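Colleague: Before anything else, here's the structure in question.
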Protein chains: 2
Amino acid sequence: MLSKKTKYGLKALAFIARQPDKTPVQIATIAESENISHKFLESILLTLRKSGMLGSKKGKGGGYYLLKEASDIPMTDVIRTLEGPIAMLPCVSLNFYEKCDDCPDEHKCSVHKLMIQVRDSTLNILRHNTLADLALPSK
Amino acid sequence: MLSKKTKYGLKALAFIARQPDKTPVQIATIAESENISHKFLESILLTLRKSGMLGSKKGKGGGYYLLKEASDIPMTDVIRTLEGPIAMLPCVSLNFYEKCDDCPDEHKCSVHKLMIQVRDSTLNILRHNTLADLALPSK
DNA sequence: ATTTATCCTATCGGATTAGTAGGTTATACT
DNA sequence: AGTATAACCTACTAATCCGATAGGATAAAT
């Protein structure tokens with residue numbers, strides 16, 4: 001399950017990506033529109049800025065804006081930044097790999113094999129969906 | 001991420017499914033072979049028995065055995081029993097649906113749409129993999 | 001009767017989650 | 001210069017979940 005942090009982060013990014021130019025959007029605007037706690041959202045956007053996905057501007061007329069084209073930001077990037085691993089087990093994670101304590105040889109582990117299949121199909125979708133897709137107006 | 005409960009449960013089921021007849025397998029045997037805490041595994045197998053997946057027998061020569069053919073137990077069943085929802089968000093879960101507090105209309109939610117795609121591709125794999133596949137000897 | 005092995009309830013420490021509090025810093029406007 | 005604005009940053013907290021443990025009750029085989 002995705003944490004609320006990730007869900008809110010995705011919604012916020014979609015909101016920011018929908019801005020016409022790259023006009024900065026304020027936390028308060030997003031928080032209100034998407035029903036997210038202002039303070040919680042603040043910490044989420046801070047994380048996204050530190051990861052290099054967003055830029056920010058202080059003071060009046062300030063806010064957050066995209067540093068890249070929305071179509072250049074795959075969902076994998078966002079989820080890995082906010083949630084961590086996409087895989088269902090650390091031992092099949094590409095970016096957050098960890099060996100299982102209980103597994104002497106993971107190549108003989110049947111659960112491992114199954115989870116690689118799940119990982120690959122999930123990655124396939126998350127890689128090909130970008131923030132531009134997420135930001136498309138709902139029809 | 002899958003909990004250890006689920007991971008251990010999957011391994012244990014694969015172990016049980018590998019038995020020639022339907023000879024009961026003892027907790028201790030599985031725990032030792034798969035490096036799982038005896039007591040923790042006990043509670044996991046209890047859950048699986050209560051869900052109707054396993055039968056059990058007490059006393060000497062007792063243990064756990066499958067109640068159905070391994071090929072009739074899809075991975076979805078096991079994971080839903082031990083882990084709960086397969087979907088990444090409650091609002092796209094088929095078996096554990098919950099409305100999002102923050103979403104006035106989930107059909108207009110772009111995150112929702114994305115997570116439905118992920119859910120469907122994951123389900124596709126987990127439905128077509130059964131315990132029989134999981135139990136195949138590692139080559 | 002004794003051993004074996006599951007059954008069941010209760011508890012627990014540690015980690016994680018979803019926030020909240022409160023002040024600091026940078027920018028814009030007057 | 002002074003004030004308002006809005007992001008920045010650190011720390012804290014309440015609640016929940018996870019992984020595991022404790023200890024006895026029950027049922028079956030010998």
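By convention in this document, the chains of the structure tokens carry letters A, B, ... by their order, each chain's residues are numbered from 1, and ligands are numbered from 1 in the order they are shown.
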Quick one: residues within 12 Å of DA27 of chain D, only C-alpha atoms (C1' of nucleotides) counted, chain neighbours fewer than 2 positions away excluded, as a PyMOL selection string?
Modeller: (chain B and resi 56-60+62) or (chain C and resi 4-7) or (chain D and resi 25+29)
Colleague: Using only C-alpha atoms (C1' of nucleotides), find the residues of chain C whose closest atom to chain A is at most 7 Å away, then write them as number ranges by chain.
Modeller: C: 19, 26-28
Colleague: Please run DSSP on the backbone and report, as a count of residues only, all residues within segment 41-84 of chain A that come out as alpha helix (DSSP H).
Modeller: 18
Colleague: Go ahead and align chain A to chain B (same sequence, so just pair every C-alpha in order, least squares) and export the moved chain as a compact mmCIF listing (two decimals) with C-alpha atoms, in the first residue's frame.
Modeller:
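Once written, out-v3.txt looks like this:
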```
# COMPACT_ATOMS: atom_id res chain seq x y z
CA MET A 1 6.19 -4.09 0.55
CA LEU A 2 5.07 -7.50 1.67
CA SER A 3 5.27 -8.16 5.40
CA LYS A 4 7.45 -10.98 6.64
CA LYS A 5 4.26 -12.68 7.64
CA THR A 6 3.24 -12.96 4.01
CA LYS A 7 6.68 -13.89 2.78
CA TYR A 8 7.02 -16.62 5.40
CA GLY A 9 3.51 -17.80 4.69
CA LEU A 10 4.27 -18.17 1.00
CA LYS A 11 7.46 -20.07 1.70
CA ALA A 12 5.70 -22.34 4.16
CA LEU A 13 2.90 -23.09 1.74
CA ALA A 14 5.38 -23.90 -0.99
CA PHE A 15 7.11 -26.26 1.43
CA ILE A 16 3.87 -27.98 2.32
CA ALA A 17 2.85 -28.22 -1.32
CA ARG A 18 6.09 -30.04 -2.10
CA GLN A 19 5.17 -33.01 0.09
CA PRO A 20 4.61 -36.14 -1.97
CA ASP A 21 1.20 -37.27 -0.72
CA LYS A 22 -0.57 -34.94 1.58
CA THR A 23 1.51 -36.00 4.51
CA PRO A 24 1.18 -33.45 7.30
CA VAL A 25 4.23 -31.25 7.78
CA GLN A 26 5.13 -30.00 11.22
CA ILE A 27 5.73 -26.37 12.04
CA ALA A 28 9.14 -27.24 13.43
CA THR A 29 10.21 -28.85 10.17
CA ILE A 30 9.29 -25.82 8.11
CA ALA A 31 10.64 -23.36 10.64
CA GLU A 32 13.99 -25.05 10.66
CA SER A 33 14.25 -25.56 6.95
CA GLU A 34 13.16 -22.04 6.03
CA ASN A 35 14.78 -20.18 8.91
CA ILE A 36 11.59 -18.84 10.38
CA SER A 37 10.83 -18.32 14.07
CA HIS A 38 8.78 -21.29 15.22
CA LYS A 39 6.25 -19.27 17.16
CA PHE A 40 5.79 -16.69 14.45
CA LEU A 41 5.27 -19.36 11.84
CA GLU A 42 2.76 -21.03 14.12
CA SER A 43 0.56 -17.95 14.08
CA ILE A 44 0.87 -17.67 10.31
CA LEU A 45 -0.16 -21.25 9.66
CA LEU A 46 -3.02 -20.81 12.08
CA THR A 47 -4.28 -17.93 9.96
CA LEU A 48 -4.02 -19.99 6.81
CA ARG A 49 -5.87 -22.85 8.40
CA LYS A 50 -8.65 -20.60 9.59
CA SER A 51 -8.98 -19.22 6.09
CA GLY A 52 -9.64 -22.74 4.85
CA MET A 53 -6.46 -23.18 2.90
CA LEU A 54 -4.82 -25.68 5.19
CA GLY A 55 -5.95 -28.58 7.32
CA SER A 56 -4.18 -29.65 10.48
CA LYS A 57 -3.69 -32.66 12.67
CA LYS A 58 -2.60 -32.65 16.29
CA GLY A 59 -0.28 -34.98 18.12
CA LYS A 60 2.51 -37.17 16.90
CA GLY A 61 2.73 -37.36 13.14
CA GLY A 62 0.53 -34.30 12.98
CA GLY A 63 1.10 -31.04 11.16
CA TYR A 64 -0.38 -29.07 8.31
CA TYR A 65 -1.50 -30.22 4.89
CA LEU A 66 -3.23 -28.72 1.86
CA LEU A 67 -6.99 -29.00 1.65
CA LYS A 68 -7.05 -28.26 -2.08
CA GLU A 69 -4.88 -28.99 -5.02
CA ALA A 70 -1.93 -26.61 -5.14
CA SER A 71 -2.91 -25.70 -8.69
CA ASP A 72 -6.27 -24.53 -7.38
CA ILE A 73 -4.75 -22.01 -5.00
CA PRO A 74 -3.90 -18.76 -6.78
CA MET A 75 -1.38 -16.39 -5.25
CA THR A 76 -4.08 -13.76 -4.92
CA ASP A 77 -5.84 -15.90 -2.31
CA VAL A 78 -2.75 -16.32 -0.19
CA ILE A 79 -1.69 -12.69 -0.33
CA ARG A 80 -5.16 -11.39 0.41
CA THR A 81 -5.39 -13.69 3.42
CA LEU A 82 -2.05 -12.78 4.89
CA GLU A 83 -1.36 -9.29 3.65
CA GLY A 84 -4.74 -7.84 2.88
CA PRO A 85 -5.23 -5.69 -0.20
CA ILE A 86 -3.12 -6.20 -3.29
CA ALA A 87 -3.87 -2.76 -4.70
CA MET A 88 -1.64 0.20 -3.92
CA LEU A 89 -4.56 2.31 -2.74
CA PRO A 90 -7.72 1.34 -0.85
CA CYS A 91 -9.82 3.15 -3.45
CA VAL A 92 -8.73 0.75 -6.20
CA SER A 93 -8.94 -2.41 -4.14
CA LEU A 94 -11.41 -5.02 -5.31
CA ASN A 95 -11.60 -6.90 -2.02
CA PHE A 96 -10.78 -4.20 0.53
CA TYR A 97 -12.29 -1.12 -1.06
CA GLU A 98 -12.35 2.10 0.93
CA LYS A 99 -13.14 5.57 -0.22
CA CYS A 100 -10.43 8.20 0.08
CA ASP A 101 -11.26 10.95 2.55
CA ASP A 102 -9.64 13.58 0.41
CA CYS A 103 -11.18 12.63 -2.94
CA PRO A 104 -14.56 14.13 -3.81
CA ASP A 105 -14.85 12.07 -6.99
CA GLU A 106 -12.46 9.22 -7.52
CA HIS A 107 -13.36 8.85 -11.16
CA LYS A 108 -11.75 12.20 -11.76
CA CYS A 109 -8.65 11.31 -9.78
CA SER A 110 -5.62 10.75 -11.95
CA VAL A 111 -3.79 8.82 -9.25
CA HIS A 112 -6.76 6.50 -9.10
CA LYS A 113 -6.50 5.78 -12.82
CA LEU A 114 -2.82 5.04 -12.60
CA MET A 115 -3.25 2.72 -9.67
CA ILE A 116 -5.93 0.77 -11.45
CA GLN A 117 -3.44 0.01 -14.18
CA VAL A 118 -0.90 -1.19 -11.62
CA ARG A 119 -3.50 -3.25 -9.82
CA ASP A 120 -4.65 -4.96 -13.00
CA SER A 121 -1.21 -5.92 -14.13
CA THR A 122 -0.31 -7.21 -10.68
CA LEU A 123 -3.53 -9.17 -10.42
CA ASN A 124 -2.90 -10.65 -13.81
CA ILE A 125 0.31 -12.19 -12.57
CA LEU A 126 -0.88 -13.22 -9.13
CA ARG A 127 -4.01 -14.82 -10.49
CA HIS A 128 -2.20 -16.95 -13.01
CA ASN A 129 0.48 -18.09 -10.62
CA THR A 130 -0.78 -20.79 -8.28
CA LEU A 131 0.78 -22.55 -5.35
CA ALA A 132 1.75 -25.30 -7.77
CA ASP A 133 3.99 -22.84 -9.61
CA LEU A 134 5.45 -21.58 -6.37
CA ALA A 135 6.23 -25.11 -5.26
CA LEU A 136 8.14 -26.08 -8.37
CA PRO A 137 11.62 -27.26 -7.46
CA SER A 138 14.25 -24.60 -8.08
CA LYS A 139 16.37 -25.39 -11.05
```
Colleague: Quick one: residues within 12 Å of DT13 of chain D, only C-alpha atoms (C1' of nucleotides) counted, chain neighbours fewer than 2 positions away excluded, as a PyMOL selection string?
Modeller: (chain C and resi 17-21) or (chain D and resi 11+15)
Colleague: Take the residues from that selection and write them out as a PDB file, in the first residue's frame, keeping N, CA and C atoms (P, O5', C5', C4', C3', O3' and C1' of nucleotides).
Modeller:
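again_28.pdb, freshly written:
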```
ATOM      1  P    DT C  17       6.406   4.287   6.877  1.00  0.00           P
ATOM      2  O5'  DT C  17       5.087   4.953   7.449  1.00  0.00           O
ATOM      3  C5'  DT C  17       4.069   4.129   8.006  1.00  0.00           C
ATOM      4  C4'  DT C  17       2.891   4.976   8.416  1.00  0.00           C
ATOM      5  C3'  DT C  17       2.649   6.201   7.543  1.00  0.00           C
ATOM      6  O3'  DT C  17       1.259   6.265   7.278  1.00  0.00           O
ATOM      7  C1'  DT C  17       2.927   6.856   9.811  1.00  0.00           C
ATOM      8  P    DA C  18       0.698   7.317   6.241  1.00  0.00           P
ATOM      9  O5'  DA C  18       0.199   8.491   7.169  1.00  0.00           O
ATOM     10  C5'  DA C  18      -0.863   8.244   8.081  1.00  0.00           C
ATOM     11  C4'  DA C  18      -1.070   9.470   8.929  1.00  0.00           C
ATOM     12  C3'  DA C  18      -1.176  10.782   8.131  1.00  0.00           C
ATOM     13  O3'  DA C  18      -2.166  11.593   8.750  1.00  0.00           O
ATOM     14  C1'  DA C  18       0.506  10.972   9.730  1.00  0.00           C
ATOM     15  P    DG C  19      -2.786  12.766   7.861  1.00  0.00           P
ATOM     16  O5'  DG C  19      -1.614  13.855   7.881  1.00  0.00           O
ATOM     17  C5'  DG C  19      -1.754  15.029   8.600  1.00  0.00           C
ATOM     18  C4'  DG C  19      -1.314  14.826  10.058  1.00  0.00           C
ATOM     19  C3'  DG C  19      -1.139  16.151  10.769  1.00  0.00           C
ATOM     20  O3'  DG C  19      -2.316  16.480  11.437  1.00  0.00           O
ATOM     21  C1'  DG C  19       0.570  14.555  11.348  1.00  0.00           C
ATOM     22  P    DT C  20      -2.574  18.028  11.668  1.00  0.00           P
ATOM     23  O5'  DT C  20      -1.545  18.409  12.827  1.00  0.00           O
ATOM     24  C5'  DT C  20      -1.559  17.690  14.043  1.00  0.00           C
ATOM     25  C4'  DT C  20      -0.629  18.399  15.006  1.00  0.00           C
ATOM     26  C3'  DT C  20      -0.708  19.927  14.941  1.00  0.00           C
ATOM     27  O3'  DT C  20      -0.878  20.381  16.272  1.00  0.00           O
ATOM     28  C1'  DT C  20       1.535  19.197  14.667  1.00  0.00           C
ATOM     29  P    DA C  21      -0.996  21.971  16.550  1.00  0.00           P
ATOM     30  O5'  DA C  21       0.484  22.384  16.927  1.00  0.00           O
ATOM     31  C5'  DA C  21       1.325  21.452  17.607  1.00  0.00           C
ATOM     32  C4'  DA C  21       2.543  22.198  18.131  1.00  0.00           C
ATOM     33  C3'  DA C  21       2.408  23.710  18.104  1.00  0.00           C
ATOM     34  O3'  DA C  21       3.012  24.241  19.270  1.00  0.00           O
ATOM     35  C1'  DA C  21       4.237  23.035  16.719  1.00  0.00           C
TER      36       DA C  21
ATOM     37  P    DA D  11      16.772  18.611  15.577  1.00  0.00           P
ATOM     38  O5'  DA D  11      15.571  18.598  16.603  1.00  0.00           O
ATOM     39  C5'  DA D  11      14.989  19.830  17.068  1.00  0.00           C
ATOM     40  C4'  DA D  11      13.616  19.539  17.632  1.00  0.00           C
ATOM     41  C3'  DA D  11      13.488  18.159  18.252  1.00  0.00           C
ATOM     42  O3'  DA D  11      12.943  18.275  19.552  1.00  0.00           O
ATOM     43  C1'  DA D  11      11.710  18.545  16.736  1.00  0.00           C
ATOM     44  P    DA D  15      -3.721   8.872  21.102  1.00  0.00           P
ATOM     45  O5'  DA D  15      -3.575   7.957  19.800  1.00  0.00           O
ATOM     46  C5'  DA D  15      -3.766   8.551  18.523  1.00  0.00           C
ATOM     47  C4'  DA D  15      -3.438   7.537  17.457  1.00  0.00           C
ATOM     48  C3'  DA D  15      -3.899   6.109  17.779  1.00  0.00           C
ATOM     49  O3'  DA D  15      -4.635   5.634  16.674  1.00  0.00           O
ATOM     50  C1'  DA D  15      -1.598   6.128  17.173  1.00  0.00           C
TER      51       DA D  15
END
```
Colleague: Hey, which bits of chain D sit within 10 Å of chain A, and for each residue what's the closest pair of atoms and how far apart in Å (one decimal), counting only C-alpha atoms (C1' of nucleotides), rows by chain and increasing number, as a Markdown table?
Modeller:
```
| residue | atom | partner | partner_atom | distance |
| --- | --- | --- | --- | --- |
| D:DA4 | C1' | A:Lys60 | CA | 8.2 |
| D:DT5 | C1' | A:Lys60 | CA | 4.8 |
| D:DA6 | C1' | A:Gly59 | CA | 4.7 |
| D:DA7 | C1' | A:Lys58 | CA | 5.0 |
| D:DC8 | C1' | A:Leu46 | CA | 8.3 |
| D:DC9 | C1' | A:Ser43 | CA | 9.6 |
```
Colleague: Please dump the current selection as a short mmCIF file (atom, residue, chain, number, x, y, z; two decimals), in the first residue's frame; keep N, CA and C atoms (P, O5', C5', C4', C3', O3' and C1' of nucleotides).
Modeller:
```cif
data_model
loop_
_atom_site.label_atom_id
_atom_site.label_comp_id
_atom_site.auth_asym_id
_atom_site.auth_seq_id
_atom_site.Cartn_x
_atom_site.Cartn_y
_atom_site.Cartn_z
P DA D 4 2.02 43.65 8.85
"O5'" DA D 4 1.74 42.68 7.61
"C5'" DA D 4 1.39 43.25 6.35
"C4'" DA D 4 1.74 42.27 5.24
"C3'" DA D 4 1.23 40.85 5.48
"O3'" DA D 4 0.55 40.42 4.31
"C1'" DA D 4 3.53 40.82 4.95
P DT D 5 -0.27 39.07 4.30
"O5'" DT D 5 0.70 38.13 3.47
"C5'" DT D 5 1.16 38.54 2.17
"C4'" DT D 5 2.26 37.61 1.73
"C3'" DT D 5 1.93 36.12 1.86
"O3'" DT D 5 1.98 35.56 0.57
"C1'" DT D 5 4.13 36.61 2.64
P DA D 6 1.16 34.26 0.22
"O5'" DA D 6 2.29 33.16 0.33
"C5'" DA D 6 3.39 33.20 -0.59
"C4'" DA D 6 4.50 32.33 -0.07
"C3'" DA D 6 4.05 30.96 0.46
"O3'" DA D 6 4.86 29.95 -0.10
"C1'" DA D 6 5.48 32.01 1.99
P DA D 7 4.59 28.40 0.02
"O5'" DA D 7 6.08 27.84 0.09
"C5'" DA D 7 7.02 28.29 -0.88
"C4'" DA D 7 8.41 28.39 -0.26
"C3'" DA D 7 9.00 27.07 0.21
"O3'" DA D 7 10.38 27.04 -0.14
"C1'" DA D 7 8.92 28.56 2.01
P DC D 8 11.29 25.80 0.12
"O5'" DC D 8 11.81 26.05 1.60
"C5'" DC D 8 12.98 26.85 1.78
"C4'" DC D 8 13.44 26.74 3.22
"C3'" DC D 8 13.86 25.34 3.66
"O3'" DC D 8 15.23 25.41 4.03
"C1'" DC D 8 12.46 26.37 5.27
P DC D 9 16.07 24.05 4.11
"O5'" DC D 9 15.85 23.64 5.62
"C5'" DC D 9 16.23 24.55 6.65
"C4'" DC D 9 15.68 24.07 7.97
"C3'" DC D 9 15.81 22.57 8.22
"O3'" DC D 9 16.82 22.37 9.19
"C1'" DC D 9 13.74 23.47 9.02
#
```
Colleague: Figure out the distance between atom C1' of DT16 of chain D and atom C1' of DT11 of chain C, please, to one decimal in Å.
Modeller: 15.9 Å
Colleague: Could you work out how far atom C1' of DG19 of chain D lies from atom C1' of DT9 of chain C, giving the answer in Å with one decimal?
Modeller: 17.0 Å
Colleague: Would you pick out the contacts of DC12 of chain C at 12 Å or less, using only C-alpha atoms (C1' of nucleotides), so that residues sharing its chain but fewer than 6 positions from it are not included, and give the list as number ranges by chain?
Modeller: D: 18-22
Colleague: Tell me, in Å to one decimal, how far atom C1' of DG24 of chain D is from atom C1' of DC8 of chain C.
Modeller: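 Computed distance, atom C1' of DG24 of chain D to atom C1' of DC8 of chain C, equals 9.2 Å.
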Colleague: With DSSP run on the backbone, what are the strand (DSSP E or B) residues within chain B? I'd like them as a ChimeraX atom specification.
Modeller: /B:25,54-57,63-66,74,130
